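Novice: Can you read through this structure? Questions will come right after.
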Amino acid sequence: MHATDTVVPVPGSRRVPLRRGLAFSTRMLALQLAVVVIVVVLTAGVYGWLSYQRLVAEIGSKALAVAQSVAVEDTVRSSLDAAAESGNAPSNAELRTGPVQRVAEALRERTDSLFVVVTDRYGKRWSHPTAALLGETVSTSPEEALAGREVMLLETGTLGPSVRAKVPVWSAHSDAVVGEVSVGFSTDDVGEALATAVGPILGIAALALVTGGTGTALLGRRLRSDTLGLEPAEIGELVQDQAVVLHGVSEGVIGVGEDARVTICNERARRLLGLTEPAGRTLAELGLPPRVLALLDAPDDAARPGEQVVVAGSVLIVTAKRVTRGQRRLGWVVVVRDRTDVEALSRQLDAVGALSTALRAQRHEFANRLHAVSGLLRIGRHDDAAGYLEEALEAGPLKYPVDFAGRLEDPFLQAFLGAKAMRSAEMGVPLRLGAATLLDGRVRDPQNVTTVLGNLVDNAVAAAVRGLGRDRWAEVEILEDGTTLYLTVHDSGDGLGTADPEQLFAEGYSATGRGEGFGLSLSRQIARSLGGDVWLVSTGAPGGPGAVFCARLPGVLETHAGIADE
């Protein structure tokens, strides 16, 4: 199996959603720009309104100060006192050249105000920029000032809207109000001042708008990059498809990012690899073998075959595929497949095949004997036929391919060893049971037993084939102790020399003498998972006999009491 680069398809390729209108990133950009514009406009508007109110208050204070200065002028107070005592009002011609008009107009020109109006206690004008209006009643109410109160307000008079202040003129001889002074500044002055103040505000608002728009554009670009250009509907379908793939397949699936950290892991992978909380951790931190880590280090265009590893007594095939979208690398998909069940079924199938072969041979032998008896009877040699039958009964059926097989009462082990014996015989290595073999119980865990025994026998036969001696053989001894099964496997090979016993059980170890692939490692893991073990008893001699391995498998046998109860 070779791992090749995988290109991520469009999410929901069976039901690609139609994109209607603008893309999500464009809509988001427009929405954010609208928010920025609204915020900037509201901020500028509020600041402008506050600035307007502040300017009105400042100009009103200026008008009030001017009015107060006019109200305390000696000329103004003495003129109004005299008019109040005499009760006579000057004519328009007299007011035009009067001292009050001269004082008021001079002050108006100096302060650049719109008007400076002085009235008597009846509201008649004694001064005004328009001389024709002198002697007439003012257009706005003077009641507040004539009542002795100073006021600032925004009103519209004969000269238009203005910010004005009205103050009373007190008599120089008594506490009586003899008139009032009204000073105003045009609202155009407020607008000019506001325009001067708002100019920087508008500049800052424009800068904020440009900055917000640029930030929004960059955010939209980052969003498109992070989502790989996918729309929300496509992302939703991608999540659904991911859940279907991760939890609907029989293999273990692990997603690994470009930083070699696990991004996602389905339950099957956790169970096969014995992982807990793998997300966010690297494969090295999860304790996976170096050969699996090497899958991620291979060049993109290199063929990366699946690696076999043994984890928790299971033989696993691990493959890695790089995932890309366009020119962007997204990481890897690591797929974990379990081969333990397949190997167990293969061994059981071997046993069934051996039994069927043996039965065919027995049937063929039985047919030959019947033909011989039939021939003797046809020619009338009844005594010879009877003697032939007696010899056949004494000889029994066709010899079983394993010596001392009758010492095994378990039919599964008989069939399994028979299959192994027939295969080893084809390789020129007879398989035999040791003379000490004795098993009265029945195997209740045939899968683990045959896996351990089969691996040991296969290694023994392979060692015998490679041996230099002419007498080739492999021997198995089986003993029981309650529910514990003991297995001893010996061969005629050349031994292991000075090999490190622990190295033989290393995962994937391969040597000329022993340790083919994962057999010994898997056998030891299975035995230890049951509370037993597999170990090397003897390394053997260079010229033979070969090494001796022993296995202890607790709890794999049915006791005699249990068989009787059943």
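Ordering of the structure tokens sets the chain letters (A, B, ...), residue numbers begin anew at 1 in every chain, and ligands are numbered from 1 in the order given.
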Give me, as a PyMOL selection string, all polymer residues having an atom no more than 8 Å from Leu64 of chain A, counting only C-alpha atoms and skipping those fewer than 5 positions away in the same chain.
Specialist: chain A and resi 152+164-167+183
Novice: Hey, what does DSSP flag as strand (DSSP E or B) within segment 51-262 of chain A? Can you give it to me as a short mmCIF file (atom, residue, chain, number, x, y, z; two decimals) with C-alpha atoms, in the first residue's frame?
Specialist:
data_model
loop_
_atom_site.label_atom_id
_atom_site.label_comp_id
_atom_site.auth_asym_id
_atom_site.auth_seq_id
_atom_site.Cartn_x
_atom_site.Cartn_y
_atom_site.Cartn_z
CA PHE A 115 -25.91 95.19 17.77
CA VAL A 116 -25.73 97.07 21.06
CA VAL A 117 -29.23 98.23 21.98
CA VAL A 118 -30.04 100.40 25.02
CA THR A 119 -33.68 100.88 26.03
CA ASP A 120 -35.42 102.83 28.71
CA LYS A 124 -37.95 102.16 23.81
CA ARG A 125 -34.68 102.04 21.89
CA THR A 137 -40.15 99.45 21.10
CA VAL A 151 -30.16 86.52 30.69
CA MET A 152 -28.38 84.86 27.76
CA LEU A 153 -30.48 83.42 24.95
CA LEU A 154 -30.73 82.73 21.26
CA GLU A 155 -33.39 84.89 19.58
CA THR A 156 -34.30 86.35 16.22
CA GLY A 157 -34.82 90.11 16.06
CA GLY A 160 -31.83 88.25 12.26
CA PRO A 161 -30.96 85.34 14.59
CA SER A 162 -28.30 86.07 17.16
CA VAL A 163 -26.81 84.98 20.45
CA ARG A 164 -27.63 87.80 22.82
CA ALA A 165 -27.34 88.88 26.44
CA LYS A 166 -29.69 91.27 28.27
CA VAL A 167 -28.76 93.04 31.49
CA PRO A 168 -30.63 95.68 33.54
CA VAL A 169 -29.44 99.30 33.86
CA TRP A 170 -29.71 100.39 37.47
CA VAL A 177 -34.14 99.67 36.99
CA VAL A 178 -34.21 102.54 34.53
CA GLY A 179 -33.53 100.51 31.39
CA GLU A 180 -31.81 97.53 29.83
CA VAL A 181 -28.87 96.76 27.53
CA SER A 182 -29.09 94.02 24.87
CA VAL A 183 -25.91 92.93 23.05
CA GLY A 184 -25.97 90.28 20.32
CA PHE A 185 -23.62 88.42 18.04
CA SER A 186 -24.85 86.91 14.77
CA GLY A 252 -8.65 4.79 12.86
CA VAL A 253 -8.16 8.32 11.51
CA ILE A 254 -5.81 10.95 12.96
CA GLY A 255 -5.51 14.49 11.59
CA VAL A 256 -2.06 16.05 12.00
CA ARG A 261 0.42 18.19 16.35
CA VAL A 262 -2.77 16.14 16.38
#
Novice: Report the distance between atom CA of Val489 of chain A and atom CA of Glu477 of chain A in Å, rounded to one decimal place.
Specialist: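 One can read the atom CA of Val489 of chain A to atom CA of Glu477 of chain A distance as 6.5 Å.
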Novice: Could you list, as a ChimeraX atom specification, every residue within 10 Å of Gly48 of chain A, counting only C-alpha atoms and ignoring same-chain residues fewer than 4 positions away?
Specialist: /A:42-44,52-54,194-195,197-198,201-202
Novice: Give the answer as one residue: which of A:Ser51, A:Asn368, A:Ser538, A:Thr483 has the shortest atom-to-atom distance to Asp500 of chain A, using only C-alpha atoms?
Specialist: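 For Asp500 of chain A, the nearest of the given residues is A:Ser538.
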Novice: Could you check the closest approach to Ala63 of chain A for each of A:Thr187, A:Ser78, A:Ser523, A:Thr111 and tell me which residue wins, using only C-alpha atoms?
Specialist: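 Selected residue with least distance to Ala63 of chain A: A:Thr111.
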Novice: Which residue is closest to Val534 of chain A? Choose from A:Asn455, A:Thr276, A:Thr559, A:Ser141 and count only C-alpha atoms.
Specialist: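 Residue with the minimum atom-to-atom distance to Val534 of chain A: A:Asn455.
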Novice: Looking at A:Leu431, A:Ala104, A:Leu275, A:Ala93, which one is nearest to Ala132 of chain A, with distances taken over only C-alpha atoms?
Specialist: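 Among the listed residues, A:Ala93 lies closest to Ala132 of chain A.
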Novice: Enumerate the residues of segment 2-149 of chain A with a DSSP assignment of alpha helix (DSSP H), computed from the backbone, and present them as a VMD selection string.
Specialist: chain A and resid 24 to 71 74 to 86 92 to 96 99 to 111 143 to 146
Novice: Can you work out which one of A:Thr97, A:Asn92, A:Thr211, A:Thr488 has the shortest atom-to-atom distance to Thr437 of chain A, counting only C-alpha atoms?
Specialist: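 That would be A:Thr488, the residue with the smallest distance to Thr437 of chain A.
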Novice: Got a sec: who's within 9 Å of Gln101 of chain A, counting only C-alpha atoms, leaving out chain neighbours fewer than 6 positions off, as a VMD selection string?
Specialist: chain A and resid 95 117 to 118 126 to 129 131
Novice: Can I get the selected residues back with N, CA and C atoms, as a PDB file, in the first residue's frame?
Specialist:
ATOM      1  N   LEU A  95     -32.201 111.255  19.573  1.00  0.00           N
ATOM      2  CA  LEU A  95     -31.503 110.003  19.894  1.00  0.00           C
ATOM      3  C   LEU A  95     -30.373 109.715  18.922  1.00  0.00           C
ATOM      4  N   VAL A 117     -27.971  97.498  21.846  1.00  0.00           N
ATOM      5  CA  VAL A 117     -29.231  98.229  21.979  1.00  0.00           C
ATOM      6  C   VAL A 117     -29.434  98.586  23.452  1.00  0.00           C
ATOM      7  N   VAL A 118     -29.706  99.903  23.666  1.00  0.00           N
ATOM      8  CA  VAL A 118     -30.038 100.396  25.019  1.00  0.00           C
ATOM      9  C   VAL A 118     -31.477 100.867  24.982  1.00  0.00           C
ATOM     10  N   TRP A 126     -32.883 103.485  22.643  1.00  0.00           N
ATOM     11  CA  TRP A 126     -32.071 104.683  22.711  1.00  0.00           C
ATOM     12  C   TRP A 126     -30.828 104.525  21.839  1.00  0.00           C
ATOM     13  N   SER A 127     -30.570 103.281  21.439  1.00  0.00           N
ATOM     14  CA  SER A 127     -29.453 103.042  20.524  1.00  0.00           C
ATOM     15  C   SER A 127     -29.785 101.819  19.672  1.00  0.00           C
ATOM     16  N   HIS A 128     -29.285 101.885  18.402  1.00  0.00           N
ATOM     17  CA  HIS A 128     -29.517 100.757  17.487  1.00  0.00           C
ATOM     18  C   HIS A 128     -28.683 100.996  16.245  1.00  0.00           C
ATOM     19  N   PRO A 129     -28.161  99.916  15.582  1.00  0.00           N
ATOM     20  CA  PRO A 129     -27.396 100.129  14.350  1.00  0.00           C
ATOM     21  C   PRO A 129     -28.215 100.792  13.258  1.00  0.00           C
ATOM     22  N   ALA A 131     -30.604 103.596  12.544  1.00  0.00           N
ATOM     23  CA  ALA A 131     -31.046 104.834  13.220  1.00  0.00           C
ATOM     24  C   ALA A 131     -32.540 105.050  13.112  1.00  0.00           C
TER      25      ALA A 131
END
Novice: If I take atom CA of Ser225 of chain A and atom CA of Val323 of chain A, how far is one from the other in Å, to one decimal?
Specialist: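 Separation of atom CA of Ser225 of chain A and atom CA of Val323 of chain A: 16.4 Å.
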Novice: Skipping near chain neighbours, those fewer than 4 positions away, what residues fall within 7 Å of Val76 of chain A using only C-alpha atoms, listed as a JSON list (two decimals) with C-alpha atoms, in the first residue's frame?
Specialist:
[["chain", "number", "residue", "atom", "x", "y", "z"],
["A", 71, "ALA", "CA", -24.91, 99.07, 31.61],
["A", 80, "LEU", "CA", -31.71, 107.07, 31.50],
["A", 100, "VAL", "CA", -26.14, 106.87, 24.35]]
